[in-house]
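I have placed the structure first, in the form of structure tokens, so that the comments after it can refer back to it.
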Amino acid sequence: MDAGLPVDKVNVGGITYREGMTRVTESVSVGPAEIEAFQELDKRGIKLEVQQVPSSSRANMMDKLRSAKLI
């Protein structure tokens, strides 16, 4: 992205829970580093979606972080 590669959307998934993290979906857990990275991507206008498999519904990652009171 910093080198000019256009990115408009990222599918977030498969972040395994570790101590100190908060689970925000069945397949995504976040800690401070992940939250910071998601906030930076969001600030750049990149849409962050959570969708575990193609047949599952999509959710907005930033909404999930807000719902969990992490941002």
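As shown in the structure tokens, the chain order sets the letters A, B, ...; within each chain, residues go from 1, and ligands are also counted from 1 in the order they appear.
Secondary structure of segment 10-64 of chain A, helix (DSSP H, G or I) only (DSSP, backbone atoms): Pro32, Ala33, Glu34, Ile35, Glu36, Ala37, Phe38, Gln39, Glu40, Leu41, Asp42, Lys43, Met61, Met62, Asp63 and Lys64 of chain A.
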Next, write the just-selected residues to a file, as a short mmCIF file (atom, residue, chain, number, x, y, z; two decimals), in the first residue's frame, keeping N, CA and C atoms as the atom set.
data_model
loop_
_atom_site.label_atom_id
_atom_site.label_comp_id
_atom_site.auth_asym_id
_atom_site.auth_seq_id
_atom_site.Cartn_x
_atom_site.Cartn_y
_atom_site.Cartn_z
N PRO A 32 -3.80 -5.69 21.25
CA PRO A 32 -3.47 -4.30 20.92
C PRO A 32 -2.83 -4.10 19.55
N ALA A 33 -1.94 -5.00 19.15
CA ALA A 33 -1.26 -4.85 17.85
C ALA A 33 -2.24 -4.98 16.68
N GLU A 34 -3.15 -5.94 16.78
CA GLU A 34 -4.14 -6.13 15.71
C GLU A 34 -5.09 -4.94 15.64
N ILE A 35 -5.52 -4.47 16.80
CA ILE A 35 -6.43 -3.32 16.84
C ILE A 35 -5.77 -2.11 16.20
N GLU A 36 -4.52 -1.87 16.53
CA GLU A 36 -3.78 -0.74 15.95
C GLU A 36 -3.68 -0.88 14.43
N ALA A 37 -3.38 -2.08 13.96
CA ALA A 37 -3.26 -2.31 12.51
C ALA A 37 -4.60 -2.09 11.82
N PHE A 38 -5.70 -2.59 12.41
CA PHE A 38 -7.02 -2.41 11.81
C PHE A 38 -7.41 -0.94 11.78
N GLN A 39 -7.07 -0.20 12.83
CA GLN A 39 -7.38 1.23 12.86
C GLN A 39 -6.62 1.98 11.76
N GLU A 40 -5.37 1.60 11.54
CA GLU A 40 -4.58 2.24 10.48
C GLU A 40 -5.17 1.95 9.11
N LEU A 41 -5.55 0.71 8.87
CA LEU A 41 -6.16 0.36 7.58
C LEU A 41 -7.48 1.10 7.40
N ASP A 42 -8.27 1.17 8.45
CA ASP A 42 -9.55 1.88 8.38
C ASP A 42 -9.32 3.36 8.09
N LYS A 43 -8.32 3.95 8.73
CA LYS A 43 -7.98 5.36 8.50
C LYS A 43 -7.61 5.62 7.04
N MET A 61 -15.46 -5.40 10.30
CA MET A 61 -14.53 -5.61 11.41
C MET A 61 -14.54 -4.44 12.38
N MET A 62 -14.59 -3.23 11.89
CA MET A 62 -14.58 -2.07 12.79
C MET A 62 -15.84 -2.05 13.65
N ASP A 63 -16.97 -2.46 13.09
CA ASP A 63 -18.20 -2.57 13.88
C ASP A 63 -18.03 -3.61 14.98
N LYS A 64 -17.37 -4.72 14.66
CA LYS A 64 -17.13 -5.76 15.67
C LYS A 64 -16.25 -5.22 16.80
#
Practice task
Might you pull out every residue within 9 Å of Gln51 of chain A, with only C-alpha atoms counted and same-chain residues fewer than 3 positions away left off, and present them as a list in words?
Solution key: Asn11, Val12, Gly13, Pro54, Ser55, Ser56, Ser57, Arg58 and Ala59 of chain A
Could you take the residues named above and write them with N, CA, C and O atoms, as an mmCIF file, in the first residue's frame?
data_model
loop_
_atom_site.group_PDB
_atom_site.id
_atom_site.type_symbol
_atom_site.label_atom_id
_atom_site.label_comp_id
_atom_site.auth_asym_id
_atom_site.auth_seq_id
_atom_site.Cartn_x
_atom_site.Cartn_y
_atom_site.Cartn_z
ATOM 1 N N ASN A 11 -10.242 -9.093 3.718
ATOM 2 C CA ASN A 11 -11.025 -10.089 4.433
ATOM 3 C C ASN A 11 -10.192 -10.533 5.632
ATOM 4 O O ASN A 11 -9.131 -11.127 5.476
ATOM 5 N N VAL A 12 -10.681 -10.232 6.818
ATOM 6 C CA VAL A 12 -9.987 -10.569 8.054
ATOM 7 C C VAL A 12 -10.455 -11.945 8.508
ATOM 8 O O VAL A 12 -11.653 -12.198 8.568
ATOM 9 N N GLY A 13 -9.535 -12.817 8.825
ATOM 10 C CA GLY A 13 -9.944 -14.126 9.321
ATOM 11 C C GLY A 13 -8.798 -14.946 9.849
ATOM 12 O O GLY A 13 -7.641 -14.693 9.537
ATOM 13 N N PRO A 54 -17.086 -18.640 2.329
ATOM 14 C CA PRO A 54 -17.936 -17.942 1.358
ATOM 15 C C PRO A 54 -19.439 -18.035 1.643
ATOM 16 O O PRO A 54 -20.180 -17.097 1.328
ATOM 17 N N SER A 55 -19.889 -19.099 2.261
ATOM 18 C CA SER A 55 -21.325 -19.239 2.519
ATOM 19 C C SER A 55 -21.780 -18.524 3.795
ATOM 20 O O SER A 55 -22.974 -18.427 4.051
ATOM 21 N N SER A 56 -20.844 -18.007 4.598
ATOM 22 C CA SER A 56 -21.225 -17.289 5.814
ATOM 23 C C SER A 56 -21.437 -15.803 5.513
ATOM 24 O O SER A 56 -20.943 -15.282 4.519
ATOM 25 N N SER A 57 -22.162 -15.156 6.393
ATOM 26 C CA SER A 57 -22.440 -13.730 6.179
ATOM 27 C C SER A 57 -21.190 -12.901 6.468
ATOM 28 O O SER A 57 -20.316 -13.312 7.228
ATOM 29 N N ARG A 58 -21.136 -11.725 5.859
ATOM 30 C CA ARG A 58 -20.017 -10.800 6.078
ATOM 31 C C ARG A 58 -20.365 -9.851 7.212
ATOM 32 O O ARG A 58 -21.518 -9.494 7.399
ATOM 33 N N ALA A 59 -19.326 -9.442 7.938
ATOM 34 C CA ALA A 59 -19.492 -8.444 8.991
ATOM 35 C C ALA A 59 -18.374 -7.422 8.864
ATOM 36 O O ALA A 59 -17.278 -7.735 8.393
#
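Restricting the calculation to only C-alpha atoms, the smallest distance between Glu26 of chain A and any of A:Asn60, A:Gly45, A:Arg66, A:Val50 is found for A:Val50.
Note that the spacing between atom CA of Gln52 of chain A and atom CA of Arg23 of chain A amounts to 14.0 Å.
A straight line drawn from atom CA of Gly20 of chain A to atom CA of Ile71 of chain A is 16.0 Å long.
Relative to atom CA of Val7 of chain A, atom CA of Arg44 of chain A is found at 9.5 Å.
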Handout entry: Selection near Asp8 of chain A, 9 Å with only C-alpha atoms, sequence-local residues under 4 positions removed, as a PyMOL selection string
Key = chain A and resi 45-48
Output N, CA and C atoms for every residue in that selection, as a PDB file, in the first residue's frame.
ATOM      1  N   GLY A  45      -9.013   4.204   4.612  1.00  0.00           N
ATOM      2  CA  GLY A  45     -10.200   4.004   3.796  1.00  0.00           C
ATOM      3  C   GLY A  45     -10.382   2.584   3.297  1.00  0.00           C
ATOM      4  N   ILE A  46      -9.669   1.644   3.879  1.00  0.00           N
ATOM      5  CA  ILE A  46      -9.763   0.248   3.465  1.00  0.00           C
ATOM      6  C   ILE A  46     -10.889  -0.427   4.245  1.00  0.00           C
ATOM      7  N   LYS A  47     -11.794  -1.058   3.521  1.00  0.00           N
ATOM      8  CA  LYS A  47     -12.918  -1.750   4.135  1.00  0.00           C
ATOM      9  C   LYS A  47     -12.422  -3.083   4.705  1.00  0.00           C
ATOM     10  N   LEU A  48     -12.734  -3.335   5.978  1.00  0.00           N
ATOM     11  CA  LEU A  48     -12.307  -4.561   6.658  1.00  0.00           C
ATOM     12  C   LEU A  48     -13.523  -5.433   6.897  1.00  0.00           C
TER      13      LEU A  48
END
Exercise for the section: Using only C-alpha atoms, determine which residues lie at most 8 Å from Val24 of chain A, disregarding the query and same-chain residues fewer than 6 positions distant; provide the list as number ranges by chain. Expected result: A: 30, 64-65, 68
Export all heavy atoms of the chosen residues as a compact mmCIF listing (two decimals), in the first residue's frame?
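Okay, this is what ended up in result.txt:
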# COMPACT_ATOMS: atom_id res chain seq x y z
N VAL A 30 -8.36 -10.50 18.80
CA VAL A 30 -7.49 -9.36 18.62
C VAL A 30 -6.82 -8.96 19.92
O VAL A 30 -7.37 -9.13 20.99
CB VAL A 30 -8.24 -8.13 18.05
CG1 VAL A 30 -8.77 -8.41 16.67
CG2 VAL A 30 -9.36 -7.68 18.97
N LYS A 64 -17.37 -4.72 14.66
CA LYS A 64 -17.13 -5.76 15.67
C LYS A 64 -16.25 -5.22 16.80
O LYS A 64 -16.50 -5.50 17.97
CB LYS A 64 -16.46 -6.99 15.04
CG LYS A 64 -17.34 -7.76 14.10
CD LYS A 64 -18.40 -8.49 14.89
CE LYS A 64 -19.23 -9.38 13.99
NZ LYS A 64 -20.32 -10.03 14.74
N LEU A 65 -15.22 -4.44 16.46
CA LEU A 65 -14.35 -3.87 17.48
C LEU A 65 -15.11 -2.86 18.34
O LEU A 65 -14.93 -2.82 19.57
CB LEU A 65 -13.13 -3.20 16.83
CG LEU A 65 -12.16 -4.14 16.12
CD1 LEU A 65 -11.06 -3.33 15.44
CD2 LEU A 65 -11.57 -5.16 17.08
N ALA A 68 -17.45 -4.67 20.75
CA ALA A 68 -16.70 -5.26 21.86
C ALA A 68 -16.07 -4.18 22.75
O ALA A 68 -15.34 -4.51 23.70
CB ALA A 68 -15.62 -6.19 21.31
